[in-house]
Amino acid sequence: MDAMKVLVVDDEPALREVLSMRIESWGYRVAMAAHVAEAQRRIRLDRPDIVISDVVMPEVSGLELLKMLKVEDPAACVILVTAHGSIDAAVDAMKEGAQDFLTKPLDYTKLHALLEATAAEVRRRGELEKLETELDGEGRLGLLIGRSQPMRSLYDTIGLLAASDASALITGESGTGKELVARMIHETSSRASGPFVAINSAAIPEGLMESEMFGHERGAFTGAVRSRSGCFEQANEGTLFLDEITEMPASLQPKLLRILEDGRVRRLGGSRETAFDVRVLAATNRPPANAVADGVLREDLFYRLNVFELHVPPLRERAEDIHLLAQYFVREFRAKHDAKIAGIRDEARELLESYSWPGNVRELRNVMERAVILARSEWIEPTHLPPFLRGDGPKSTAVTVPLGTSAAEAEKALILRTFEHVGYNKSETARRLGVDVKTVRSKLRSYGVS
Ligand SMILES: Nc1ncnc2c1ncn2[C@@H]1O[C@H](COP(=O)(O)OP(=O)(O)OP(=O)(O)O)[C@@H](O)[C@H]1O
Ligand SMILES: [Mg+2]
């Protein structure tokens, strides 16, 4: 890390020298100025991070310097030094936005602590600025945020797919952003002006699935009072996203395959086949090879969909994206909740970065919304994060919940830690906790974990 630059402004040569030497001995780079005009020249040349200035100087005072600097850059960090007992000067200094003020004779221990705190603030703002720049440029592809190597190669693959009409299978754990990836493939492709239709096999009752997919004519079955188009027709000239493909009923899979091969679909109860022009993307949070081996995904359908495979890695394998994503969600939710949060304090950031995120980006998003609502200050602190992020080291096999934690939060901490400890296996989690797997499933879902 580069040393912070400090500018010392004092008209008294001896004081200036002594002060500079002290500050240098603490590891800062120091420049000096004997009056305000010289200080302004130095500031333009050296761009110091922190300015320490005497208040009482001939011609222009330190307070004037402070005012001028704040006009140019409201984030400028200025510490004023006033003669002992001059309360008015101190009050003025704070009102004009000084970082702090110190009285003469200088207490060096105090000055050192103040400089360290100010330096930390300067670093935090620098980091925030970098994040914001990245969020506006390199660190994203449309709505997809991330600057890690795996995300960059994902962006490259999406770029390649933009020029083709090939099918793709998007794999990855729950909450990693598979649907968002599908949307970005659609939006960067030549079909972007066409529809994006998503159909989730896990969310639609088996009896309705066929009609959702292929559509039906009036009277095709009891209750079919009107004819209706299926998702292939709806997605015509656009993209059809088949979410949770391994949950598609086995009886429908051969039918789906045939339709994909033919490029024509016939509504239930209909006699006419309609041609469609659709690009198909599919997603699953099960490793597809296992799904094929387990017989829940037909091998021929798998090959038809898996022309390209895009794997979205779990968040714990791209920890370098966590801060950027968290800052992105801060932006999103401070707008929504009209909050004043600027960013995340280092201690909170460390907690976010060392947690394993079994629910991936979806869970991080939930955690950040809660933090933005709870935080009343400018920075998100560890106390604004849920208890299950705090307290436990990654290798600890204990769950620590502070007194005052609600039963619901404690239960959540226990379930999440167990889930993580057994390698994200729901049935094993249920066995260890002595509850049935349905309970674990619904709890995890309510936490936004799967
Ligand atoms: N890289 C990312 N940048 C920004 N937001 C993201 C990213 N990845 C995921 N999200 C957000 O996280 C949430 C979950 O993403 P998404 O629904 O795409 O996940 P998924 O992989 O389809 O999950 P599931 O398997 O449970 O359906 C969404 O709110 C999405 O906007
Ligand atoms: Mg999804």
# chains A, B, ... in the order shown; residues from 1 in each chain; ligands from 1

$ residues_near_ligand --ligand "ligand 1" --cutoff "7 Å" --atoms "only C-alpha atoms and all ligand atoms" --output "short mmCIF file (atom, residue, chain, number, x, y, z; two decimals) with C-alpha atoms, in the first residue's frame"
data_model
loop_
_atom_site.label_atom_id
_atom_site.label_comp_id
_atom_site.auth_asym_id
_atom_site.auth_seq_id
_atom_site.Cartn_x
_atom_site.Cartn_y
_atom_site.Cartn_z
CA LEU A 143 -27.01 -6.54 -14.96
CA LEU A 144 -24.36 -9.14 -14.17
CA ILE A 145 -21.89 -7.86 -11.63
CA GLY A 146 -18.46 -9.38 -11.01
CA GLY A 172 -24.67 -23.68 -11.02
CA GLU A 173 -25.95 -23.77 -7.46
CA SER A 174 -29.14 -22.06 -6.44
CA GLY A 175 -28.87 -18.27 -6.33
CA THR A 176 -25.69 -17.99 -8.42
CA GLY A 177 -27.40 -15.96 -11.14
CA LYS A 178 -28.35 -18.52 -13.79
CA GLU A 179 -31.53 -16.72 -14.78
CA LEU A 180 -29.66 -13.43 -15.01
CA VAL A 181 -27.07 -15.11 -17.27
CA THR A 284 -30.32 -26.61 -13.65
CA ASN A 285 -28.83 -26.46 -10.18
CA LEU A 325 -21.73 -7.10 -5.41
CA VAL A 361 -25.76 -14.02 -4.61
CA ARG A 362 -29.45 -14.23 -3.68
CA ARG A 365 -28.65 -9.56 -1.75
CA SER A 450 -32.42 -22.36 -2.28
#

$ select_by_dssp --residues "segment 175-374 of chain A" --states "strand (DSSP E)" --output "ChimeraX atom specification"
/A:196-200,215-216,228-229,239-243,264-266,273-275,279-284,308-311,343-344

$ residues_around --residues "Glu363 of chain A" --least-positions-apart "5" --cutoff "7 Å" --atoms "only C-alpha atoms" --output "list in words"
Trp357, Gly448 and Val449 of chain A

$ atom_distance --atom1 "atom CA of Ser377 of chain A" --atom2 "atom CA of Gly404 of chain A"
22.1 Å

$ residues_around --residues "segment 113-115 of chain A" --least-positions-apart "6" --cutoff "12 Å" --atoms "only C-alpha atoms" --output "PyMOL selection string"
chain A and resi 4-7+22-24+26-28+49-52+77-80+99-102+107+121-122

$ write_last_selection --atoms "C-alpha atoms" --output "mmCIF file, in the first residue's frame"
data_model
loop_
_atom_site.group_PDB
_atom_site.id
_atom_site.type_symbol
_atom_site.label_atom_id
_atom_site.label_comp_id
_atom_site.auth_asym_id
_atom_site.auth_seq_id
_atom_site.Cartn_x
_atom_site.Cartn_y
_atom_site.Cartn_z
ATOM 1 C CA MET A 4 -0.422 8.452 2.744
ATOM 2 C CA LYS A 5 0.662 11.978 1.918
ATOM 3 C CA VAL A 6 0.356 14.639 4.588
ATOM 4 C CA LEU A 7 0.856 18.372 4.108
ATOM 5 C CA ARG A 22 7.206 13.102 13.882
ATOM 6 C CA ILE A 23 4.625 12.370 11.229
ATOM 7 C CA GLU A 24 7.275 10.955 8.909
ATOM 8 C CA TRP A 26 4.874 7.121 11.675
ATOM 9 C CA GLY A 27 5.268 6.072 8.045
ATOM 10 C CA TYR A 28 3.638 8.982 6.229
ATOM 11 C CA ASP A 49 -4.422 12.942 1.328
ATOM 12 C CA ILE A 50 -4.501 14.871 4.590
ATOM 13 C CA VAL A 51 -3.745 18.521 5.401
ATOM 14 C CA ILE A 52 -2.721 19.609 8.901
ATOM 15 C CA CYS A 77 -9.462 15.831 4.917
ATOM 16 C CA VAL A 78 -8.208 18.788 6.953
ATOM 17 C CA ILE A 79 -7.061 18.812 10.579
ATOM 18 C CA LEU A 80 -6.727 22.232 12.180
ATOM 19 C CA GLN A 99 -11.872 16.359 10.118
ATOM 20 C CA ASP A 100 -10.993 17.377 13.658
ATOM 21 C CA PHE A 101 -9.016 20.009 15.551
ATOM 22 C CA LEU A 102 -6.163 19.802 18.040
ATOM 23 C CA ASP A 107 -0.471 15.801 22.133
ATOM 24 C CA GLU A 121 -11.291 7.018 6.122
ATOM 25 C CA VAL A 122 -9.287 8.228 3.107
#

$ closest_residue --among "A:Val401, A:Ala192, A:Ile245, A:Val280" --to "ligand 2" --atoms "only C-alpha atoms and all ligand atoms"
A:Ile245

$ select_by_dssp --residues "segment 207-439 of chain A" --states "alpha helix (DSSP H)" --output "PyMOL selection string"
chain A and resi 207-214+231-234+253-262+288-293+299-305+322-337+346-354+360-374+407-421+426-433+437-439

$ write_last_selection --atoms "C-alpha atoms" --output "compact mmCIF listing (two decimals), in the first residue's frame"
# COMPACT_ATOMS: atom_id res chain seq x y z
CA GLY A 207 -50.85 -31.53 -14.90
CA LEU A 208 -50.53 -28.03 -16.33
CA MET A 209 -47.02 -28.37 -17.67
CA GLU A 210 -47.95 -29.73 -21.07
CA SER A 211 -50.45 -26.99 -21.74
CA GLU A 212 -47.98 -24.31 -20.57
CA MET A 213 -45.38 -25.62 -22.95
CA PHE A 214 -47.40 -26.47 -26.02
CA CYS A 231 -44.41 -20.91 -24.39
CA PHE A 232 -42.88 -21.84 -27.74
CA GLU A 233 -45.38 -19.68 -29.57
CA GLN A 234 -45.02 -16.91 -26.99
CA GLN A 253 -39.02 -34.86 -22.08
CA PRO A 254 -39.24 -36.93 -25.29
CA LYS A 255 -41.99 -34.64 -26.54
CA LEU A 256 -39.92 -31.57 -25.83
CA LEU A 257 -36.98 -33.08 -27.65
CA ARG A 258 -39.06 -33.85 -30.73
CA ILE A 259 -40.44 -30.31 -30.84
CA LEU A 260 -36.95 -28.87 -30.55
CA GLU A 261 -35.77 -31.05 -33.43
CA ASP A 262 -38.77 -30.26 -35.64
CA PRO A 288 -26.36 -32.42 -15.28
CA ALA A 289 -24.22 -35.57 -15.53
CA ASN A 290 -25.68 -36.75 -12.21
CA ALA A 291 -29.18 -35.88 -13.35
CA VAL A 292 -28.66 -38.03 -16.44
CA ALA A 293 -27.20 -40.87 -14.36
CA GLU A 299 -29.57 -38.20 -22.16
CA ASP A 300 -30.71 -37.24 -25.67
CA LEU A 301 -32.42 -34.10 -24.37
CA PHE A 302 -29.32 -33.26 -22.37
CA TYR A 303 -27.16 -33.42 -25.52
CA ARG A 304 -29.66 -31.36 -27.47
CA LEU A 305 -29.57 -28.58 -24.84
CA ILE A 322 -18.37 -10.09 -2.83
CA HIS A 323 -17.44 -6.49 -2.03
CA LEU A 324 -18.37 -5.29 -5.51
CA LEU A 325 -21.73 -7.10 -5.41
CA ALA A 326 -22.40 -5.86 -1.89
CA GLN A 327 -21.73 -2.28 -2.97
CA TYR A 328 -24.01 -2.79 -5.98
CA PHE A 329 -26.80 -3.93 -3.67
CA VAL A 330 -26.11 -0.98 -1.34
CA ARG A 331 -26.76 1.27 -4.33
CA GLU A 332 -29.92 -0.61 -5.26
CA PHE A 333 -31.40 -0.62 -1.78
CA ARG A 334 -30.39 2.85 -0.64
CA ALA A 335 -32.41 4.15 -3.57
CA LYS A 336 -35.33 1.90 -2.68
CA HIS A 337 -35.29 2.70 1.05
CA ASP A 346 -13.74 -2.86 6.65
CA GLU A 347 -14.81 -5.02 9.61
CA ALA A 348 -18.20 -5.69 8.00
CA ARG A 349 -16.57 -6.33 4.65
CA GLU A 350 -14.30 -8.95 6.23
CA LEU A 351 -17.33 -10.77 7.63
CA LEU A 352 -19.02 -10.71 4.24
CA GLU A 353 -15.89 -12.00 2.55
CA SER A 354 -15.23 -14.84 4.96
CA ASN A 360 -24.97 -17.44 -3.12
CA VAL A 361 -25.76 -14.02 -4.61
CA ARG A 362 -29.45 -14.23 -3.68
CA GLU A 363 -28.50 -14.60 -0.02
CA LEU A 364 -25.98 -11.76 -0.22
CA ARG A 365 -28.65 -9.56 -1.75
CA ASN A 366 -31.06 -10.33 1.11
CA VAL A 367 -28.37 -9.66 3.71
CA MET A 368 -27.53 -6.30 2.11
CA GLU A 369 -31.14 -5.18 1.99
CA ARG A 370 -31.47 -5.91 5.70
CA ALA A 371 -28.20 -4.05 6.40
CA VAL A 372 -29.29 -0.96 4.46
CA ILE A 373 -32.55 -0.86 6.43
CA LEU A 374 -30.79 -1.30 9.78
CA ALA A 407 -35.32 -17.64 18.44
CA ALA A 408 -35.97 -17.36 14.71
CA GLU A 409 -32.51 -15.87 14.07
CA ALA A 410 -30.85 -18.51 16.25
CA GLU A 411 -32.66 -21.28 14.40
CA LYS A 412 -31.59 -19.76 11.12
CA ALA A 413 -27.96 -19.62 12.29
CA LEU A 414 -28.09 -23.27 13.36
CA ILE A 415 -29.69 -24.49 10.16
CA LEU A 416 -27.36 -22.51 7.90
CA ARG A 417 -24.22 -23.56 9.77
CA THR A 418 -25.27 -27.21 9.69
CA PHE A 419 -26.12 -26.97 5.99
CA GLU A 420 -22.71 -25.46 5.31
CA HIS A 421 -20.94 -27.97 7.57
CA LYS A 426 -30.25 -30.96 2.55
CA SER A 427 -31.05 -34.53 3.61
CA GLU A 428 -27.90 -34.74 5.72
CA THR A 429 -28.79 -31.40 7.32
CA ALA A 430 -32.25 -32.76 8.16
CA ARG A 431 -30.75 -35.95 9.64
CA ARG A 432 -28.33 -34.01 11.87
CA LEU A 433 -31.02 -31.64 13.07
CA VAL A 437 -36.10 -32.81 4.84
CA LYS A 438 -39.25 -30.93 3.82
CA THR A 439 -38.79 -28.65 6.83

$ residues_around --residues "Val55 of chain A" --least-positions-apart "3" --cutoff "7 Å" --atoms "only C-alpha atoms" --output "compact mmCIF listing (two decimals) with C-alpha atoms, in the first residue's frame"
# COMPACT_ATOMS: atom_id res chain seq x y z
CA SER A 61 -5.72 31.91 8.16
CA GLY A 62 -5.95 28.12 8.32
CA LEU A 63 -9.73 28.43 8.51
CA LEU A 80 -6.73 22.23 12.18
CA VAL A 81 -4.42 23.14 15.02
CA THR A 82 -5.58 25.96 17.26

$ residues_around --residues "Asp11 of chain A" --least-positions-apart "2" --cutoff "9 Å" --atoms "only C-alpha atoms" --output "ChimeraX atom specification"
/A:9,13,15-16,33-35,54,56-58

$ closest_residue --among "A:Ala375, A:Leu389, A:Ile344, A:Leu242" --to "ligand 2" --atoms "only C-alpha atoms and all ligand atoms"
A:Leu242

$ closest_residue --among "A:Ala3, A:Ala220, A:Gly215, A:Glu129" --to "Glu116 of chain A" --atoms "only C-alpha atoms"
A:Ala3

$ closest_residue --among "A:Ala282, A:Ser201, A:Ser148, A:Met184" --to "Pro314 of chain A" --atoms "only C-alpha atoms"
A:Ser148

$ closest_residue --among "A:Arg47, A:Lys70, A:His112, A:Arg183" --to "ligand 2" --atoms "only C-alpha atoms and all ligand atoms"
A:Arg183

$ atom_distance --atom1 "atom CA of Asn306 of chain A" --atom2 "atom CA of Leu281 of chain A"
9.0 Å
